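Asker: Once you've had a glance at the structure underneath, I'll fire off some questions.
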Amino acid sequence: MKYHVGEKELEFGTELGELRDCNGLLEDPAALQARMDEDGYLLVRGLHPRERVLTARRAILEFMRDQGNRIMPGTDLMDAVINPDGKPVRLMGNKSITHNPAVLAVLEGDPITQFFARYFGESVITFDYKWLREVGRTGFTGAHYDNVYMGRGSKRLHTCWTPFGDIPIEQGTLAICVGSHNLPTFAKMRETYGHMDVDRDRVEGWFTNDPLEITRQFGGQWQTANMRAGDVIIITMFTLHGSTNNTTNRWRLSCDTRFQPAAEPADERWVGENPKAHYAWHSGPTKTMQAARAEWGI
Ligand SMILES: O=C(O)CCC(=O)C(=O)O
């Protein structure tokens, strides 16, 4: 079985492995930390009540239908069938939908907040900005470290990826390059690319759209998993990741949120009533990743 990841097709079982869950460790923060150190990610199955996630899914789909006619008329709303004649409606960072009570009940609900409070052993905050995405047919996210987008605050910032519905791999799931956070072969990539800042340096954000280029040059293994409503994946700022491609005719709905210890400084672009977000990236000439990689020698 092969799945599209960026511009390549990867064989499941060899080029594309399967993420393992950490549910057996949930009561043991030290074991969770150790697992994160080892794998660079934590997959938690069924963290959120399924019905709560499906209620949020319905709210997002109603918004997409009402604001942009983005759901194929005559189909079941919850199937999220794409209407190619709809008009784009921004979800990412759009508080009218990211701060809808049903959506916030998942993204800032007790299950995830308490998970991070236990994991860090202290109280936590989450960024006000929410990266809610609707990814259509052929859409995917290229390989990147999140530090390049939000690295100005706490070094213990983590990303949480939440699917709003059941998402099989062929509909676009998070794909992680396991080993990218700790293997010595990735050290130069972490020190160069991993420490750029897209607003300061004005460089494209994705390292590559070719997942196999990474594993051939640096090692590691791409892994992903079929996701169910209620599951989440948590990664570090230095866990290289992207997504599998959506090859279906349905929207893939998911959101990336960020959590960190409350006592540590937060990247000012993503917090507050109206976060300023990226303020310079793509607002003038932008260096290609190819040019930046040539300068870094990677
Ligand atoms: O959902 C995606 O396509 C990518 C998500 C992502 O890059 C992230 O969670 O940081």
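Following the order of the structure tokens, first chain is A, next is B, and so on, with residues numbered from 1 inside each chain and ligands from 1 in the order they appear.
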Do you know which residues are within 10 Å of ligand 1 using only C-alpha atoms and all ligand atoms? Can you write them as a PyMOL selection string?
Answerer: chain A and resi 131-135+139-147+149+158-163+172-176+206+233-237+239-246+252-258
Asker: Just write the chosen residues, N, CA and C atoms, as a compact mmCIF listing (two decimals), in the first residue's frame.
Answerer:
# COMPACT_ATOMS: atom_id res chain seq x y z
N TRP A 131 -4.38 27.46 14.51
CA TRP A 131 -4.10 27.16 13.09
C TRP A 131 -5.12 26.12 12.60
N LEU A 132 -6.38 26.57 12.45
CA LEU A 132 -7.44 25.66 11.99
C LEU A 132 -7.35 25.56 10.46
N ARG A 133 -7.37 24.33 9.95
CA ARG A 133 -7.16 24.12 8.51
C ARG A 133 -8.27 23.29 7.88
N GLU A 134 -8.65 23.68 6.68
CA GLU A 134 -9.46 22.82 5.81
C GLU A 134 -8.57 22.54 4.62
N VAL A 135 -8.22 21.28 4.45
CA VAL A 135 -7.29 20.92 3.37
C VAL A 135 -8.07 20.13 2.33
N GLY A 139 -4.17 18.67 -1.42
CA GLY A 139 -3.45 19.54 -0.47
C GLY A 139 -2.57 18.73 0.48
N PHE A 140 -1.48 19.33 0.90
CA PHE A 140 -0.59 18.72 1.89
C PHE A 140 0.28 19.82 2.49
N THR A 141 0.98 19.47 3.57
CA THR A 141 1.95 20.38 4.20
C THR A 141 3.34 19.79 4.02
N GLY A 142 4.28 20.62 3.56
CA GLY A 142 5.66 20.18 3.35
C GLY A 142 6.42 20.06 4.67
N ALA A 143 7.57 19.39 4.61
CA ALA A 143 8.35 19.10 5.82
C ALA A 143 8.92 20.38 6.44
N HIS A 144 8.73 20.53 7.76
CA HIS A 144 9.26 21.72 8.45
C HIS A 144 9.40 21.46 9.94
N TYR A 145 10.23 22.31 10.58
CA TYR A 145 10.27 22.40 12.04
C TYR A 145 9.37 23.58 12.43
N ASP A 146 8.57 23.43 13.47
CA ASP A 146 7.69 24.53 13.88
C ASP A 146 8.48 25.70 14.48
N ASN A 147 9.70 25.44 14.94
CA ASN A 147 10.47 26.52 15.55
C ASN A 147 10.66 27.72 14.62
N TYR A 149 8.56 29.13 12.84
CA TYR A 149 7.36 29.98 12.83
C TYR A 149 7.03 30.58 14.20
N HIS A 158 5.25 23.33 22.76
CA HIS A 158 4.91 22.11 22.01
C HIS A 158 3.71 22.39 21.11
N THR A 159 3.62 21.61 20.05
CA THR A 159 2.47 21.67 19.13
C THR A 159 1.54 20.50 19.42
N CYS A 160 0.25 20.77 19.37
CA CYS A 160 -0.75 19.70 19.47
C CYS A 160 -1.57 19.69 18.19
N TRP A 161 -1.65 18.57 17.53
CA TRP A 161 -2.40 18.44 16.27
C TRP A 161 -3.68 17.66 16.55
N THR A 162 -4.81 18.30 16.26
CA THR A 162 -6.11 17.73 16.60
C THR A 162 -6.95 17.54 15.33
N PRO A 163 -7.27 16.30 14.97
CA PRO A 163 -8.17 16.09 13.83
C PRO A 163 -9.61 16.33 14.24
N GLY A 172 -5.08 12.93 4.60
CA GLY A 172 -4.16 13.97 5.06
C GLY A 172 -3.98 13.95 6.57
N THR A 173 -3.05 13.11 7.03
CA THR A 173 -2.74 13.02 8.46
C THR A 173 -1.35 13.60 8.71
N LEU A 174 -1.07 13.89 9.96
CA LEU A 174 0.25 14.42 10.29
C LEU A 174 1.29 13.32 10.02
N ALA A 175 2.36 13.67 9.33
CA ALA A 175 3.46 12.72 9.06
C ALA A 175 4.70 13.27 9.74
N ILE A 176 5.35 12.39 10.50
CA ILE A 176 6.47 12.82 11.34
C ILE A 176 7.74 12.11 10.90
N TRP A 206 8.88 25.83 4.41
CA TRP A 206 9.01 24.38 4.26
C TRP A 206 10.41 24.04 3.78
N ILE A 233 -1.99 14.35 18.38
CA ILE A 233 -0.54 14.09 18.27
C ILE A 233 0.18 15.33 18.79
N ILE A 234 1.15 15.12 19.66
CA ILE A 234 1.91 16.23 20.24
C ILE A 234 3.37 16.09 19.77
N ILE A 235 3.95 17.21 19.36
CA ILE A 235 5.34 17.18 18.88
C ILE A 235 6.12 18.35 19.46
N THR A 236 7.44 18.28 19.35
CA THR A 236 8.30 19.37 19.82
C THR A 236 8.51 20.38 18.68
N MET A 237 9.17 21.47 19.01
CA MET A 237 9.49 22.48 18.00
C MET A 237 10.55 21.97 17.01
N THR A 239 10.74 18.68 15.87
CA THR A 239 10.31 17.41 15.27
C THR A 239 9.89 17.74 13.84
N LEU A 240 10.65 17.29 12.87
CA LEU A 240 10.33 17.60 11.48
C LEU A 240 9.03 16.87 11.10
N HIS A 241 8.12 17.60 10.49
CA HIS A 241 6.84 16.98 10.14
C HIS A 241 6.21 17.70 8.96
N GLY A 242 5.20 17.07 8.41
CA GLY A 242 4.38 17.63 7.34
C GLY A 242 3.09 16.84 7.37
N SER A 243 2.49 16.64 6.21
CA SER A 243 1.28 15.81 6.21
C SER A 243 1.27 14.91 4.99
N THR A 244 0.46 13.86 5.05
CA THR A 244 0.17 13.08 3.85
C THR A 244 -0.80 13.92 3.01
N ASN A 245 -0.93 13.56 1.74
CA ASN A 245 -1.78 14.34 0.85
C ASN A 245 -3.24 13.91 0.98
N ASN A 246 -4.11 14.86 0.83
CA ASN A 246 -5.53 14.52 0.78
C ASN A 246 -5.85 14.08 -0.64
N ARG A 252 -10.28 17.78 4.70
CA ARG A 252 -9.60 17.31 5.92
C ARG A 252 -9.58 18.50 6.89
N LEU A 253 -10.22 18.32 8.03
CA LEU A 253 -10.30 19.38 9.04
C LEU A 253 -9.41 19.02 10.22
N SER A 254 -8.53 19.95 10.58
CA SER A 254 -7.66 19.72 11.74
C SER A 254 -7.17 21.06 12.25
N CYS A 255 -6.62 21.05 13.44
CA CYS A 255 -6.10 22.30 14.00
C CYS A 255 -4.80 22.04 14.74
N ASP A 256 -3.85 22.94 14.56
CA ASP A 256 -2.62 22.90 15.36
C ASP A 256 -2.75 23.99 16.43
N THR A 257 -2.51 23.61 17.66
CA THR A 257 -2.50 24.56 18.77
C THR A 257 -1.16 24.44 19.48
N ARG A 258 -0.84 25.41 20.31
CA ARG A 258 0.46 25.41 20.98
C ARG A 258 0.30 25.57 22.48
Asker: Pull the strand (DSSP E or B) assignments for segment 53-255 of chain A out of DSSP run on the backbone, and list those residues as a PyMOL selection string.
Answerer: chain A and resi 71+81-82+124-126+131-135+143-144+158-163+167+174-178+203+208+221-224+227+232-236+241-243+250+252-255
Asker: Near Thr126 of chain A, within 8 Å and counting only C-alpha atoms, which residues show up once chain neighbours fewer than 2 positions away are dropped, as a PDB file with C-alpha atoms, in the first residue's frame?
Answerer:
ATOM      1  CA  GLU A 108      -8.772  24.532  25.148  1.00  0.00           C
ATOM      2  CA  VAL A 124       0.263  26.020  31.202  1.00  0.00           C
ATOM      3  CA  ASP A 128      -4.690  32.453  21.369  1.00  0.00           C
ATOM      4  CA  THR A 257      -2.502  24.561  18.770  1.00  0.00           C
ATOM      5  CA  ARG A 258       0.456  25.409  20.980  1.00  0.00           C
ATOM      6  CA  PHE A 259       1.055  24.838  24.706  1.00  0.00           C
ATOM      7  CA  GLN A 260       3.871  25.849  27.050  1.00  0.00           C
TER       8      GLN A 260
END
Asker: Using only C-alpha atoms, tabulate the residues of segment 146-211 of chain A lying at most 12 Å from any atom of segment 267-270 of chain A, each with its closest atom pair and that distance in Å to one decimal, by chain and increasing residue number, as a tab-separated table.
Answerer:
residue	atom	partner	partner_atom	distance
A:Asn147	CA	A:Asp267	CA	10.6
A:Val148	CA	A:Asp267	CA	11.6
A:Tyr149	CA	A:Arg269	CA	9.5
A:Met150	CA	A:Asp267	CA	6.2
A:Gly151	CA	A:Asp267	CA	6.8
A:Arg152	CA	A:Asp267	CA	4.8
A:Gly153	CA	A:Asp267	CA	4.3
A:Ser154	CA	A:Asp267	CA	7.5
A:Lys155	CA	A:Asp267	CA	10.3
A:Arg156	CA	A:Asp267	CA	11.7
A:Leu157	CA	A:Asp267	CA	9.5
A:Asp197	CA	A:Asp267	CA	11.5
A:Val198	CA	A:Arg269	CA	11.9
A:Asp199	CA	A:Arg269	CA	10.1
Asker: Write the residues you've just listed into a file as a PDB file, in the first residue's frame, and include C-alpha atoms for each of them.
Answerer:
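Saved file part.pdb follows:
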ATOM      1  CA  ASN A 147      10.474  26.521  15.554  1.00  0.00           C
ATOM      2  CA  VAL A 148      10.885  28.582  12.370  1.00  0.00           C
ATOM      3  CA  TYR A 149       7.358  29.984  12.832  1.00  0.00           C
ATOM      4  CA  MET A 150       7.116  30.430  16.613  1.00  0.00           C
ATOM      5  CA  GLY A 151      10.547  30.173  18.194  1.00  0.00           C
ATOM      6  CA  ARG A 152      10.729  33.500  20.060  1.00  0.00           C
ATOM      7  CA  GLY A 153       9.459  32.367  23.446  1.00  0.00           C
ATOM      8  CA  SER A 154       9.562  29.289  25.656  1.00  0.00           C
ATOM      9  CA  LYS A 155      11.976  26.532  24.634  1.00  0.00           C
ATOM     10  CA  ARG A 156       9.391  24.090  25.977  1.00  0.00           C
ATOM     11  CA  LEU A 157       6.691  25.129  23.506  1.00  0.00           C
ATOM     12  CA  ASP A 197      12.741  32.868  11.914  1.00  0.00           C
ATOM     13  CA  VAL A 198      10.491  33.401   8.905  1.00  0.00           C
ATOM     14  CA  ASP A 199       9.628  36.998   9.877  1.00  0.00           C
TER      15      ASP A 199
END
Asker: May I have all residues of segment 39-195 of chain A that DSSP, computed from the backbone, assigns to helix (DSSP H, G or I), given as a ChimeraX atom specification?
Answerer: /A:39,50-68,77-79,95-98,101-107,110-120,147-150,169-171,184-191,193-195
Asker: Would you mind exporting the chosen residues as a CSV table (one decimal), in the first residue's frame, restricted to C-alpha atoms?
Answerer:
chain,number,residue,atom,x,y,z
A,39,ASP,CA,10.4,9.5,19.7
A,50,ARG,CA,-15.6,11.7,20.6
A,51,GLU,CA,-19.0,13.5,20.7
A,52,ARG,CA,-17.4,16.8,21.7
A,53,VAL,CA,-15.0,16.6,18.7
A,54,LEU,CA,-17.9,15.8,16.3
A,55,THR,CA,-19.9,18.7,17.7
A,56,ALA,CA,-17.0,21.0,16.9
A,57,ARG,CA,-16.7,19.4,13.4
A,58,ARG,CA,-20.3,20.2,12.7
A,59,ALA,CA,-19.8,23.8,13.8
A,60,ILE,CA,-16.8,24.2,11.4
A,61,LEU,CA,-18.7,22.6,8.5
A,62,GLU,CA,-21.7,24.8,9.1
A,63,PHE,CA,-19.4,27.8,9.0
A,64,MET,CA,-17.8,26.7,5.7
A,65,ARG,CA,-21.2,26.0,4.2
A,66,ASP,CA,-22.8,29.3,5.3
A,67,GLN,CA,-19.9,31.6,4.6
A,68,GLY,CA,-18.6,30.1,1.4
A,77,LEU,CA,-22.8,18.0,6.0
A,78,MET,CA,-20.8,15.7,8.3
A,79,ASP,CA,-19.3,13.9,5.3
A,95,LYS,CA,-11.7,33.9,15.7
A,96,SER,CA,-15.3,33.7,14.4
A,97,ILE,CA,-14.7,30.0,14.0
A,98,THR,CA,-11.6,29.1,16.1
A,101,PRO,CA,-17.5,27.6,21.9
A,102,ALA,CA,-17.9,24.1,20.5
A,103,VAL,CA,-14.4,24.4,18.9
A,104,LEU,CA,-12.8,25.9,21.9
A,105,ALA,CA,-14.3,23.2,24.1
A,106,VAL,CA,-11.9,20.8,22.3
A,107,LEU,CA,-8.9,23.1,21.6
A,110,ASP,CA,-9.8,20.1,30.2
A,111,PRO,CA,-8.4,16.9,28.6
A,112,ILE,CA,-5.7,18.7,26.7
A,113,THR,CA,-5.0,21.4,29.3
A,114,GLN,CA,-4.7,18.9,32.1
A,115,PHE,CA,-2.6,16.6,29.9
A,116,PHE,CA,0.0,19.5,29.4
A,117,ALA,CA,-0.2,20.6,33.1
A,118,ARG,CA,0.7,17.0,34.1
A,119,TYR,CA,3.3,16.7,31.4
A,120,PHE,CA,5.1,19.9,32.4
A,147,ASN,CA,10.5,26.5,15.6
A,148,VAL,CA,10.9,28.6,12.4
A,149,TYR,CA,7.4,30.0,12.8
A,150,MET,CA,7.1,30.4,16.6
A,169,ILE,CA,-4.0,8.5,6.0
A,170,GLU,CA,-5.2,9.1,2.5
A,171,GLN,CA,-7.2,12.2,3.6
A,184,PRO,CA,23.2,13.5,15.3
A,185,THR,CA,22.7,13.4,11.5
A,186,PHE,CA,20.1,16.1,11.8
A,187,ALA,CA,22.2,18.3,14.1
A,188,LYS,CA,23.3,20.7,11.3
A,189,MET,CA,19.7,21.0,10.1
A,190,ARG,CA,18.5,21.8,13.6
A,191,GLU,CA,21.2,24.4,14.1
A,193,TYR,CA,17.3,25.8,9.3
A,194,GLY,CA,15.8,25.0,12.7
A,195,HIS,CA,16.9,28.3,14.1
Asker: Which residue, A:Gly297, A:Pro84, A:Gly6, A:Gly46, has the smallest gap to Asp21 of chain A when you use only C-alpha atoms?
Answerer: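 Looking at the shortest contact to Asp21 of chain A, the residue is A:Gly46.
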Asker: Need to verify the contact set: segment 286-296 of chain A, 6 Å, only C-alpha atoms, exclusion of same-chain residues closer than 3 positions in sequence. Can you return it as a ChimeraX atom specification?
Answerer: /A:202-204,282
Asker: Figure out the distance between atom CA of Ile167 of chain A and atom CA of Glu18 of chain A, please, to one decimal in Å.
Answerer: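 It comes out at 14.6 Å.
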Asker: Report the distance between atom CA of Val89 of chain A and atom CA of Glu273 of chain A in Å, rounded to one decimal place.
Answerer: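 Separation of atom CA of Val89 of chain A and atom CA of Glu273 of chain A: 21.1 Å.
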Asker: Nearest to Asp201 of chain A: which of A:Ala280, A:Met227, A:Met72, A:Ala266 is it, counting only C-alpha atoms?
Answerer: A:Ala280
Asker: For the atom pair atom CA of Val81 of chain A and atom CA of His4 of chain A, what is the interatomic distance in Å to one decimal place?
Answerer: 20.1 Å
Asker: Name the residues in contact with Val178 of chain A at a cut-off of 7 Å, using only C-alpha atoms, excluding same-chain residues fewer than 2 positions from it; report them as a list of chain:residue names.
Answerer: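 Counting only C-alpha atoms, the residues come to A:Asp39, A:Gly40, A:Ile176, A:Ser180, A:Gly220, A:Gln221, A:Trp222, A:Gln223.
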Asker: Next, write the just-selected residues to a file, as a PDB file, in the first residue's frame, keeping N, CA and C atoms as the atom set.
Answerer:
ATOM      1  N   ASP A  39      11.079   9.567  20.979  1.00  0.00           N
ATOM      2  CA  ASP A  39      10.363   9.540  19.694  1.00  0.00           C
ATOM      3  C   ASP A  39      10.176  10.913  19.050  1.00  0.00           C
ATOM      4  N   GLY A  40      10.167  11.969  19.865  1.00  0.00           N
ATOM      5  CA  GLY A  40       9.899  13.307  19.328  1.00  0.00           C
ATOM      6  C   GLY A  40       8.420  13.579  19.118  1.00  0.00           C
ATOM      7  N   ILE A 176       5.354  12.394  10.502  1.00  0.00           N
ATOM      8  CA  ILE A 176       6.472  12.821  11.344  1.00  0.00           C
ATOM      9  C   ILE A 176       7.741  12.114  10.901  1.00  0.00           C
ATOM     10  N   SER A 180      14.278  13.030  13.654  1.00  0.00           N
ATOM     11  CA  SER A 180      14.723  14.380  13.264  1.00  0.00           C
ATOM     12  C   SER A 180      14.994  15.282  14.469  1.00  0.00           C
ATOM     13  N   GLY A 220      16.465   8.871   9.753  1.00  0.00           N
ATOM     14  CA  GLY A 220      15.126   8.926  10.345  1.00  0.00           C
ATOM     15  C   GLY A 220      14.139   8.090   9.552  1.00  0.00           C
ATOM     16  N   GLN A 221      12.895   8.072  10.025  1.00  0.00           N
ATOM     17  CA  GLN A 221      11.841   7.365   9.290  1.00  0.00           C
ATOM     18  C   GLN A 221      10.543   8.159   9.342  1.00  0.00           C
ATOM     19  N   TRP A 222       9.887   8.306   8.205  1.00  0.00           N
ATOM     20  CA  TRP A 222       8.559   8.933   8.190  1.00  0.00           C
ATOM     21  C   TRP A 222       7.544   7.981   8.781  1.00  0.00           C
ATOM     22  N   GLN A 223       6.688   8.519   9.636  1.00  0.00           N
ATOM     23  CA  GLN A 223       5.632   7.704  10.237  1.00  0.00           C
ATOM     24  C   GLN A 223       4.332   8.507  10.281  1.00  0.00           C
TER      25      GLN A 223
END
Asker: With distances taken over only C-alpha atoms, which residue among A:Pro73, A:Gly230, A:Gly219, A:Pro275 lies nearest Gly179 of chain A?
Answerer: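 Under the stated criterion, the closest residue is A:Gly219.
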Asker: When you look at Ser123 of chain A with a cut-off of 8 Å (counting only C-alpha atoms), what residues show up, excluding the ones that are within fewer than 6 positions of it in the same chain? I need them as a list in words.
Answerer: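 Here the qualifying residues turn out to be Ala117, Pro261, Ala262 and Ala263 of chain A.
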